[in-house]
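J.: What follows is coords-v3.cif, mmCIF, C-alpha atoms.
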```cif
data_my_file
#
loop_
_atom_site.label_atom_id
_atom_site.label_comp_id
_atom_site.auth_asym_id
_atom_site.auth_seq_id
_atom_site.Cartn_x
_atom_site.Cartn_y
_atom_site.Cartn_z
CA MET A 1 13.55 37.26 215.45
CA ASP A 2 15.29 40.62 215.24
CA ASN A 3 18.50 38.97 216.44
CA MET A 4 18.22 36.39 213.67
CA VAL A 5 17.76 39.09 211.02
CA ASP A 6 20.63 41.13 212.46
CA SER A 7 23.03 38.18 212.50
CA LEU A 8 22.09 37.26 208.93
CA ASN A 9 22.59 40.85 207.82
CA ILE A 10 26.00 41.09 209.53
CA ALA A 11 27.14 37.79 208.03
CA TYR A 12 26.03 38.97 204.60
CA GLU A 13 27.86 42.29 204.92
CA LYS A 14 31.05 40.53 206.00
CA PHE A 15 30.73 38.12 203.07
CA VAL A 16 30.30 40.96 200.57
CA LEU A 17 33.25 42.84 202.07
CA ALA A 18 35.42 39.69 201.86
CA SER A 19 34.47 39.21 198.20
CA ALA A 20 35.38 42.85 197.46
CA ASN A 21 38.72 42.31 199.22
CA VAL A 22 39.44 39.30 196.99
CA LEU A 23 38.73 41.33 193.86
CA GLU A 24 40.87 44.25 195.04
CA SER A 25 43.72 41.95 196.05
CA LYS A 26 43.62 40.15 192.72
CA GLU A 27 43.58 43.43 190.82
CA SER A 28 46.52 44.88 192.78
CA ALA A 29 48.53 41.69 192.13
CA GLY A 30 47.87 42.03 188.42
CA GLY A 31 46.13 38.66 188.25
CA GLN A 32 49.24 36.87 189.47
CA LYS A 33 49.26 34.46 192.40
CA ALA A 34 50.29 36.38 195.50
CA SER A 35 50.12 35.79 199.23
CA PRO A 36 47.73 38.74 199.87
CA THR A 37 45.34 37.23 197.32
CA ASP A 38 45.60 33.82 198.99
CA ALA A 39 44.90 35.40 202.37
CA ALA A 40 41.91 37.27 200.93
CA LEU A 41 40.62 34.04 199.42
CA GLU A 42 40.92 32.21 202.74
CA ASN A 43 39.05 35.04 204.45
CA PHE A 44 36.43 34.88 201.69
CA LYS A 45 35.96 31.12 202.25
CA GLU A 46 35.58 31.66 205.98
CA LYS A 47 33.00 34.44 205.53
CA TRP A 48 31.17 32.31 202.94
CA GLU A 49 30.87 29.45 205.43
CA LEU A 50 29.72 31.80 208.20
CA PHE A 51 27.12 33.30 205.86
CA ARG A 52 25.87 29.81 204.93
CA VAL A 53 25.58 28.90 208.62
CA ALA A 54 23.63 32.10 209.29
CA CYS A 55 21.32 31.30 206.34
CA ASP A 56 20.78 27.75 207.61
CA GLN A 57 19.96 29.02 211.09
CA ALA A 58 17.51 31.56 209.69
CA GLU A 59 15.87 28.88 207.56
CA GLU A 60 15.52 26.57 210.58
CA PHE A 61 14.00 29.41 212.57
CA VAL A 62 11.48 30.21 209.83
CA GLU A 63 10.55 26.52 209.50
CA SER A 64 10.02 26.17 213.26
CA VAL A 65 7.81 29.27 213.31
CA LYS A 66 5.81 27.96 210.33
CA GLN A 67 5.31 24.61 212.07
CA ARG A 68 4.28 26.26 215.32
CA ILE A 69 1.79 28.54 213.57
CA GLY A 70 0.45 25.62 211.54
CA SER A 71 0.06 23.50 214.66
CA GLU A 72 -1.72 26.29 216.51
CA CYS A 73 -4.09 26.83 213.58
CA LEU A 74 -4.77 23.10 213.34
CA VAL A 75 -5.52 22.87 217.06
CA ASP A 76 -7.75 25.95 216.86
CA GLU A 77 -9.69 24.47 213.94
CA ALA A 78 -9.99 21.06 215.54
CA THR A 79 -11.04 22.34 218.94
CA GLY A 80 -13.39 24.96 217.55
CA LEU A 81 -11.41 27.97 218.68
CA THR A 82 -11.20 30.67 216.06
CA THR A 83 -9.66 34.10 216.18
CA SER A 84 -12.72 35.65 214.52
CA ALA A 85 -14.98 34.32 217.27
CA ALA A 86 -12.64 35.63 219.94
CA ALA A 87 -12.44 39.00 218.20
CA THR A 88 -16.22 39.37 218.03
CA GLY A 89 -16.66 38.30 221.65
CA ASN A 90 -18.42 34.98 220.97
CA SER A 91 -18.10 32.27 223.56
CA GLY A 92 -16.01 29.17 222.93
CA GLN A 93 -19.14 27.06 222.51
CA ALA A 94 -20.57 29.41 219.91
CA ALA A 95 -17.26 29.37 218.06
CA ALA A 96 -17.18 25.56 218.21
CA ALA A 97 -20.72 25.39 216.86
CA ALA A 98 -19.83 27.77 214.03
CA VAL A 99 -16.78 25.71 213.08
CA GLY A 100 -18.73 22.47 213.43
CA ALA A 101 -21.48 23.82 211.19
CA ALA A 102 -19.02 25.08 208.61
CA THR A 103 -17.05 21.83 208.42
CA SER A 104 -19.84 19.43 209.47
CA LEU A 105 -17.30 17.70 211.73
CA PRO A 106 -17.57 17.85 215.49
CA PRO A 107 -14.58 19.44 217.23
CA ILE A 108 -12.14 17.18 219.07
CA SER A 109 -10.11 17.82 222.16
CA ALA A 110 -6.63 19.32 221.81
CA VAL A 111 -5.20 16.40 223.79
CA ARG A 112 -6.71 13.86 221.40
CA LEU A 113 -5.50 15.87 218.41
CA GLU A 114 -1.97 15.83 219.79
CA GLN A 115 -2.17 12.06 220.33
CA MET A 116 -3.34 11.51 216.79
CA SER A 117 -0.63 13.79 215.49
CA ARG A 118 2.03 11.80 217.35
CA ALA A 119 0.62 8.57 215.97
CA VAL A 120 0.75 9.90 212.43
CA ARG A 121 4.34 11.11 212.90
CA TRP A 122 5.31 7.70 214.27
CA LEU A 123 3.70 5.94 211.31
CA VAL A 124 5.46 8.24 208.85
CA LEU A 125 8.81 7.49 210.47
CA GLU A 126 8.09 3.77 210.37
CA LEU A 127 7.08 3.95 206.72
CA GLN A 128 10.22 5.94 205.87
CA ARG A 129 12.33 3.24 207.50
CA GLY A 130 10.54 0.66 205.36
CA SER A 131 9.17 -1.29 208.28
CA GLY A 132 6.74 -3.99 207.25
CA ALA A 133 5.05 -3.79 210.65
CA ALA A 134 3.96 -0.24 209.98
CA ALA A 135 1.85 -1.27 207.00
CA GLY A 136 -0.12 -3.71 209.15
CA SER A 137 -0.60 -1.22 211.93
CA VAL A 138 -1.82 1.42 209.50
CA HIS A 139 -4.49 -0.95 208.24
CA SER A 140 -5.57 -2.08 211.67
CA SER A 141 -5.60 1.43 213.11
CA THR A 142 -8.11 2.60 210.51
CA THR A 143 -10.76 0.22 211.84
CA GLY A 144 -11.36 2.16 215.05
CA PHE A 145 -10.16 4.61 217.62
CA ASP A 146 -9.24 4.38 221.26
CA ALA A 147 -12.47 3.89 223.21
CA ARG A 148 -11.17 5.98 226.12
CA PHE A 149 -11.97 9.15 224.22
CA SER A 150 -15.61 10.10 223.92
CA GLU A 151 -15.08 12.09 220.71
CA ASP A 152 -14.02 8.92 218.90
CA SER A 153 -17.20 7.00 219.63
CA THR A 154 -19.20 9.48 217.53
CA GLN A 155 -16.92 9.19 214.52
#
```
Now, as a test, write the supplied structure out as structure tokens.

T.:
Amino acid sequence: MDNMVDSLNIAYEKFVLASANVLESKESAGGQKASPTDAALENFKEKWELFRVACDQAEEFVESVKQRIGSECLVDEATGLTTSAAATGNSGQAAAAAVGAATSLPPISAVRLEQMSRAVRWLVLELQRGSGAAAGSVHSSTTGFDARFSEDSTQ
């Protein structure tokens, strides 16, 4: 993460320096079109693009970290693992019971949660493509779950 911040900072500094060079070049040319001003503008465009790329990379990094943290929190909630229970020294079963009591839903396995998550992502992609088959599968999939998983039989 430090590398990402450093590269963004360097790209920003180069961009600001390039913009200052354009202003100085334009001022020294008296506002007239001159080759040093054109060169400064080309350098400015290049630094602008590099800064945009650095911003895009930083944004992608932040989004991936947000998704990873969100996924970990979701799995922890669904499986009954909580950081407060781990911090107080409670066992996993006690933590699962506390979460189950608080939400009144029994915890599910992390593997099953991942399978359901994949199924939801697949359905979203199908719906975005406008597939008519996805609408039927959404309806039929709400009638039951895969019987291979014991958690589903209680739901």

J.: CA of Arg129 in chain A and CA of Val75 in chain A are how many Å apart?

T.: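 Calculated distance between CA of Arg129 in chain A and CA of Val75 in chain A is 28.2 Å.
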
J.: Using Å and a single decimal, report how far CA of Phe51 in chain A sits from CA of Val16 in chain A.

T.: 9.8 Å

J.: So what do you get for CA of Ala11 in chain A versus CA of Glu42 in chain A, distance-wise?

T.: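 Going from CA of Ala11 in chain A over to CA of Glu42 in chain A, I get 15.8 Å.
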
J.: Need to verify the contact set: Lys14 in chain A, 8 Å, only C-alpha atoms, exclusion of same-chain residues closer than 4 positions in sequence. Can you return it as a VMD selection string?

T.: chain A and resid 10 18 47

J.: In terms of the shortest atom-to-atom distance over all atoms listed in the file, which of A:Glu27, A:Glu46, A:Asp56, A:Glu114 is closest to Glu72 in chain A?

T.: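 For Glu72 in chain A, the nearest of the candidates is A:Glu114.
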
J.: Taking into account all atoms listed in the file, which residue in the set A:Cys55, A:Ser28, A:Thr37, A:Glu126 is nearest to Asp6 in chain A?

T.: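 Comparing A:Cys55, A:Ser28, A:Thr37, A:Glu126 against Asp6 in chain A, the winner is A:Cys55.
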
J.: Which of these residues is nearest to Cys73 in chain A, using only C-alpha atoms: A:Val120, A:Leu23, A:Leu17, A:Ala110?

T.: A:Ala110

J.: Taking the point (10.4, 32.3, 217.7) as given in the file, collect each protein or nucleic acid residue that comes within 10 Å of it, counting only C-alpha atoms, and present the set as JSON, numbers by chain.

T.: {"A": [1, 2, 4, 61, 62, 64, 65, 66, 68]}

J.: May I ask which of the residues A:Leu50, A:Met116, A:Pro36, A:Leu125 is the closest one to Glu13 in chain A, counting only C-alpha atoms?

T.: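 Comparing A:Leu50, A:Met116, A:Pro36, A:Leu125 against Glu13 in chain A, the winner is A:Leu50.
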
J.: Find, counting only C-alpha atoms, the residue in A:Ala20, A:Leu41, A:Ala29, A:Ala54 that gets nearest to Leu8 in chain A.

T.: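 Checking each of A:Ala20, A:Leu41, A:Ala29, A:Ala54 against Leu8 in chain A, counting only C-alpha atoms, the winner is A:Ala54.
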